[in-house]
file target-v5.cif (mmCIF, C-alpha atoms)
data_run
loop_
_atom_site.label_atom_id
_atom_site.label_comp_id
_atom_site.auth_asym_id
_atom_site.auth_seq_id
_atom_site.Cartn_x
_atom_site.Cartn_y
_atom_site.Cartn_z
CA MET A 6 78.01 139.62 50.43
CA PRO A 7 79.96 136.54 51.58
CA LYS A 8 78.43 134.30 54.20
CA THR A 9 79.94 134.31 57.66
CA VAL A 10 81.29 130.92 58.57
CA THR A 11 81.26 129.96 62.22
CA THR A 12 82.61 126.97 64.05
CA PRO A 13 81.47 125.58 67.39
CA HIS A 14 83.49 126.76 70.36
CA ASP A 15 84.17 124.30 73.17
CA VAL A 16 85.62 126.02 76.22
CA ALA A 17 86.72 122.62 77.58
CA GLU A 18 89.43 122.55 74.91
CA HIS A 19 91.04 125.60 76.55
CA LEU A 20 91.01 124.44 80.17
CA HIS A 21 94.41 122.79 80.56
CA THR A 22 95.52 123.52 84.11
CA ALA A 23 93.89 123.58 87.54
CA GLU A 24 94.44 127.35 87.53
CA ASP A 25 92.61 127.69 84.18
CA MET A 26 89.70 125.66 85.56
CA ALA A 27 89.49 127.63 88.80
CA ALA A 28 89.67 130.97 86.97
CA TYR A 29 86.94 129.89 84.55
CA LEU A 30 84.64 128.78 87.38
CA GLU A 31 85.34 131.99 89.30
CA ALA A 32 84.53 134.10 86.22
CA CYS A 33 81.27 132.21 85.68
CA MET A 34 80.30 132.65 89.33
CA GLU A 35 81.00 136.38 89.08
CA GLU A 36 79.03 136.63 85.83
CA ALA A 37 75.91 134.91 87.14
CA PRO A 38 76.16 134.29 90.89
CA SER A 39 72.49 133.33 91.25
CA ASP A 40 72.22 131.07 88.19
CA ALA A 41 72.75 127.52 89.44
CA ALA A 42 72.25 126.00 85.98
CA PHE A 43 74.88 128.31 84.45
CA ILE A 44 77.40 127.46 87.18
CA ALA A 45 76.60 123.76 86.82
CA LYS A 46 77.25 124.07 83.07
CA ALA A 47 80.63 125.64 83.84
CA LEU A 48 81.42 122.69 86.10
CA GLY A 49 80.36 120.40 83.25
CA ASP A 50 82.81 122.17 80.94
CA ILE A 51 85.56 121.66 83.51
CA ALA A 52 84.61 118.00 84.00
CA ARG A 53 84.78 117.42 80.23
CA ALA A 54 88.20 119.08 80.13
CA ARG A 55 89.43 116.80 82.92
CA GLY A 56 87.71 113.70 81.55
CA ILE A 57 84.09 113.04 82.43
CA SER A 58 84.61 109.35 83.17
CA GLU A 59 87.48 110.07 85.56
CA VAL A 60 85.53 112.81 87.35
CA ALA A 61 82.41 110.65 87.61
CA GLY A 62 84.40 107.77 89.08
CA THR A 63 86.15 109.98 91.61
CA ALA A 64 82.84 111.63 92.55
CA GLY A 65 81.13 108.27 92.98
CA LEU A 66 78.54 109.09 90.33
CA SER A 67 77.69 107.45 87.05
CA ARG A 68 78.71 109.29 83.88
CA GLU A 69 75.04 109.75 83.02
CA SER A 70 74.24 111.25 86.44
CA LEU A 71 77.18 113.61 86.19
CA TYR A 72 76.21 114.68 82.66
CA LYS A 73 72.64 115.37 83.79
CA ALA A 74 73.71 117.23 86.92
CA LEU A 75 76.18 119.43 85.04
CA SER A 76 74.34 119.89 81.75
CA GLY A 77 73.04 123.36 82.52
CA ASP A 78 69.54 122.23 81.55
CA ARG A 79 68.30 122.32 85.12
CA ASN A 80 69.30 123.35 88.60
CA PRO A 81 71.54 120.62 89.99
CA MET A 82 71.30 119.04 93.41
CA LEU A 83 73.82 120.56 95.79
CA ASP A 84 75.24 117.18 96.77
CA SER A 85 76.04 116.44 93.11
CA VAL A 86 77.76 119.80 92.74
CA LEU A 87 79.79 119.27 95.90
CA LYS A 88 80.86 115.79 94.78
CA ALA A 89 81.87 117.14 91.38
CA LEU A 90 83.82 120.00 92.95
CA ASP A 91 85.66 117.58 95.21
CA ALA A 92 86.46 115.28 92.28
CA LEU A 93 87.75 118.29 90.32
CA ASP A 94 89.93 119.39 93.24
CA LEU A 95 88.05 122.69 93.39
CA ARG A 96 86.23 124.41 96.21
CA LEU A 97 83.68 127.17 96.57
CA ARG A 98 84.54 130.17 98.67
CA ALA A 99 82.20 132.55 100.40
CA GLU A 100 82.78 136.25 100.74
CA PRO A 101 80.53 139.05 101.92
CA VAL A 102 78.68 140.96 99.25
CA PRO A 103 78.91 144.73 99.68
CA ARG A 104 75.45 146.26 99.89
CA THR A 105 74.75 149.92 99.34
#
call {"tool": "encode", "arguments": {"input": "target-v5.cif", "output": "structure tokens"}}
result
Amino acid sequence: MPKTVTTPHDVAEHLHTAEDMAAYLEACMEEAPSDAAFIAKALGDIARARGISEVAGTAGLSRESLYKALSGDRNPMLDSVLKALDALDLRLRAEPVPRT
């Protein structure tokens, strides 16, 4: 039986427009609305697609701080997330959750 060959997938390579980035973040927030690390990782993917150095500079953070905050390895600080969102020209929206 032949071996299956896989290649790494980097979602950042597919995020070309602001609409792509917003849709990706929205999908991640719908997938795991309570998982701060997962959402931070999605923001990290978007920041890499935009250019991590540019985003860090606009956010007023060092590249290292931005990488750490958006790595998905831990829950990020809200102020770091808000700075990154602003630098990425994205915003969070709130909507009521239907309860049964």
call {"tool": "resolve_selection", "arguments": {"input": "target-v5.cif", "expression": "the PyMOL selection byres ((chain A and resi 34) around 12)", "output": "list in words"}}
result
Ala27, Ala28, Tyr29, Leu30, Glu31, Ala32, Cys33, Glu35, Glu36, Ala37, Pro38, Ser39, Asp40, Ala41, Ala42, Phe43, Ile44, Ala45, Lys46, Ala47, Leu48, Leu97, Arg98 and Ala99 of chain A
call {"tool": "write_last_selection", "arguments": {"input": "target-v5.cif", "atoms": "C-alpha atoms", "output": "compact mmCIF listing (two decimals), in the frame of the given file"}}
result
# COMPACT_ATOMS: atom_id res chain seq x y z
CA ALA A 27 89.49 127.63 88.80
CA ALA A 28 89.67 130.97 86.97
CA TYR A 29 86.94 129.89 84.55
CA LEU A 30 84.64 128.78 87.38
CA GLU A 31 85.34 131.99 89.30
CA ALA A 32 84.53 134.10 86.22
CA CYS A 33 81.27 132.21 85.68
CA GLU A 35 81.00 136.38 89.08
CA GLU A 36 79.03 136.63 85.83
CA ALA A 37 75.91 134.91 87.14
CA PRO A 38 76.16 134.29 90.89
CA SER A 39 72.49 133.33 91.25
CA ASP A 40 72.22 131.07 88.19
CA ALA A 41 72.75 127.52 89.44
CA ALA A 42 72.25 126.00 85.98
CA PHE A 43 74.88 128.31 84.45
CA ILE A 44 77.40 127.46 87.18
CA ALA A 45 76.60 123.76 86.82
CA LYS A 46 77.25 124.07 83.07
CA ALA A 47 80.63 125.64 83.84
CA LEU A 48 81.42 122.69 86.10
CA LEU A 97 83.68 127.17 96.57
CA ARG A 98 84.54 130.17 98.67
CA ALA A 99 82.20 132.55 100.40
call {"tool": "atom_distance", "arguments": {"input": "target-v5.cif", "atom1": "CA of Asp78 in chain A", "atom2": "CA of Asp91 in chain A"}}
result
21.6 Å
call {"tool": "residues_around", "arguments": {"input": "target-v5.cif", "residues": "Thr63 in chain A", "least_positions_apart": "4", "cutoff": "12 Å", "atoms": "all atoms listed in the file", "output": "ChimeraX atom specification"}}
result
/A:52,55-59,67-68,71,88-94
call {"tool": "atom_distance", "arguments": {"input": "target-v5.cif", "atom1": "CA of Arg96 in chain A", "atom2": "CA of Glu18 in chain A"}}
result
21.6 Å
call {"tool": "axis_aligned_box", "arguments": {"input": "target-v5.cif", "around": "range 48-64 of chain A", "padding_each_side": "8 Å", "output": "lines of an AutoDock Vina configuration file"}}
result
center_x = 84.9
center_y = 115.2
center_z = 86.3
size_x = 25.1
size_y = 30.9
size_z = 28.4
call {"tool": "atom_distance", "arguments": {"input": "target-v5.cif", "atom1": "CA of Val16 in chain A", "atom2": "CA of Asp84 in chain A"}}
result
24.7 Å
call {"tool": "closest_residue", "arguments": {"input": "target-v5.cif", "among": "A:Met6, A:Gly49, A:Ala54, A:Leu83", "to": "Glu69 in chain A", "atoms": "only C-alpha atoms"}}
result
A:Gly49
call {"tool": "closest_residue", "arguments": {"input": "target-v5.cif", "among": "A:Thr105, A:Val10, A:Met26, A:Ala61", "to": "Val86 in chain A", "atoms": "only C-alpha atoms"}}
result
A:Ala61
call {"tool": "build_atoms", "arguments": {"input": "target-v5.cif", "residues": "range 56-67 of chain A", "atoms": "all heavy atoms", "output": "mmCIF file, keeping the file's coordinate frame"}}
result
data_model
loop_
_atom_site.group_PDB
_atom_site.id
_atom_site.type_symbol
_atom_site.label_atom_id
_atom_site.label_comp_id
_atom_site.auth_asym_id
_atom_site.auth_seq_id
_atom_site.Cartn_x
_atom_site.Cartn_y
_atom_site.Cartn_z
ATOM 1 N N GLY A 56 88.072 115.060 81.949
ATOM 2 C CA GLY A 56 87.710 113.700 81.550
ATOM 3 C C GLY A 56 86.494 113.272 82.357
ATOM 4 O O GLY A 56 86.620 112.991 83.548
ATOM 5 N N ILE A 57 85.352 113.264 81.720
ATOM 6 C CA ILE A 57 84.090 113.040 82.430
ATOM 7 C C ILE A 57 84.054 111.698 83.139
ATOM 8 O O ILE A 57 83.547 111.587 84.254
ATOM 9 C CB ILE A 57 82.881 113.230 81.477
ATOM 10 C CG1 ILE A 57 81.592 113.449 82.266
ATOM 11 C CG2 ILE A 57 82.732 112.094 80.517
ATOM 12 C CD1 ILE A 57 81.393 114.828 82.750
ATOM 13 N N SER A 58 84.613 110.669 82.535
ATOM 14 C CA SER A 58 84.610 109.350 83.170
ATOM 15 C C SER A 58 85.444 109.352 84.445
ATOM 16 O O SER A 58 85.038 108.792 85.474
ATOM 17 C CB SER A 58 85.135 108.278 82.218
ATOM 18 O OG SER A 58 84.263 108.132 81.131
ATOM 19 N N GLU A 59 86.606 109.982 84.390
ATOM 20 C CA GLU A 59 87.480 110.070 85.560
ATOM 21 C C GLU A 59 86.795 110.847 86.683
ATOM 22 O O GLU A 59 86.807 110.431 87.847
ATOM 23 C CB GLU A 59 88.792 110.747 85.186
ATOM 24 C CG GLU A 59 89.715 110.985 86.362
ATOM 25 C CD GLU A 59 90.928 111.827 85.987
ATOM 26 O OE1 GLU A 59 91.324 111.838 84.814
ATOM 27 O OE2 GLU A 59 91.461 112.475 86.898
ATOM 28 N N VAL A 60 86.201 111.981 86.339
ATOM 29 C CA VAL A 60 85.530 112.810 87.350
ATOM 30 C C VAL A 60 84.355 112.065 87.957
ATOM 31 O O VAL A 60 84.168 112.066 89.171
ATOM 32 C CB VAL A 60 85.081 114.158 86.738
ATOM 33 C CG1 VAL A 60 84.242 114.960 87.730
ATOM 34 C CG2 VAL A 60 86.295 114.963 86.282
ATOM 35 N N ALA A 61 83.564 111.402 87.113
ATOM 36 C CA ALA A 61 82.410 110.650 87.610
ATOM 37 C C ALA A 61 82.857 109.558 88.576
ATOM 38 O O ALA A 61 82.272 109.385 89.655
ATOM 39 C CB ALA A 61 81.617 110.053 86.448
ATOM 40 N N GLY A 62 83.899 108.830 88.212
ATOM 41 C CA GLY A 62 84.400 107.770 89.080
ATOM 42 C C GLY A 62 84.892 108.290 90.412
ATOM 43 O O GLY A 62 84.584 107.735 91.465
ATOM 44 N N THR A 63 85.639 109.385 90.382
ATOM 45 C CA THR A 63 86.150 109.980 91.610
ATOM 46 C C THR A 63 85.020 110.525 92.475
ATOM 47 O O THR A 63 85.072 110.441 93.697
ATOM 48 C CB THR A 63 87.153 111.113 91.279
ATOM 49 O OG1 THR A 63 88.206 110.579 90.473
ATOM 50 C CG2 THR A 63 87.742 111.724 92.534
ATOM 51 N N ALA A 64 83.975 111.065 91.825
ATOM 52 C CA ALA A 64 82.840 111.630 92.550
ATOM 53 C C ALA A 64 81.879 110.560 93.062
ATOM 54 O O ALA A 64 80.999 110.855 93.859
ATOM 55 C CB ALA A 64 82.081 112.611 91.657
ATOM 56 N N GLY A 65 82.042 109.333 92.579
ATOM 57 C CA GLY A 65 81.130 108.270 92.980
ATOM 58 C C GLY A 65 79.782 108.367 92.301
ATOM 59 O O GLY A 65 78.766 107.937 92.837
ATOM 60 N N LEU A 66 79.769 108.939 91.104
ATOM 61 C CA LEU A 66 78.540 109.090 90.330
ATOM 62 C C LEU A 66 78.703 108.369 88.997
ATOM 63 O O LEU A 66 79.822 108.168 88.526
ATOM 64 C CB LEU A 66 78.261 110.573 90.047
ATOM 65 C CG LEU A 66 78.086 111.490 91.255
ATOM 66 C CD1 LEU A 66 78.113 112.950 90.817
ATOM 67 C CD2 LEU A 66 76.788 111.170 91.966
ATOM 68 N N SER A 67 77.604 108.010 88.393
ATOM 69 C CA SER A 67 77.690 107.450 87.050
ATOM 70 C C SER A 67 77.944 108.600 86.068
ATOM 71 O O SER A 67 77.654 109.763 86.365
ATOM 72 C CB SER A 67 76.394 106.723 86.681
ATOM 73 O OG SER A 67 75.344 107.657 86.507
#
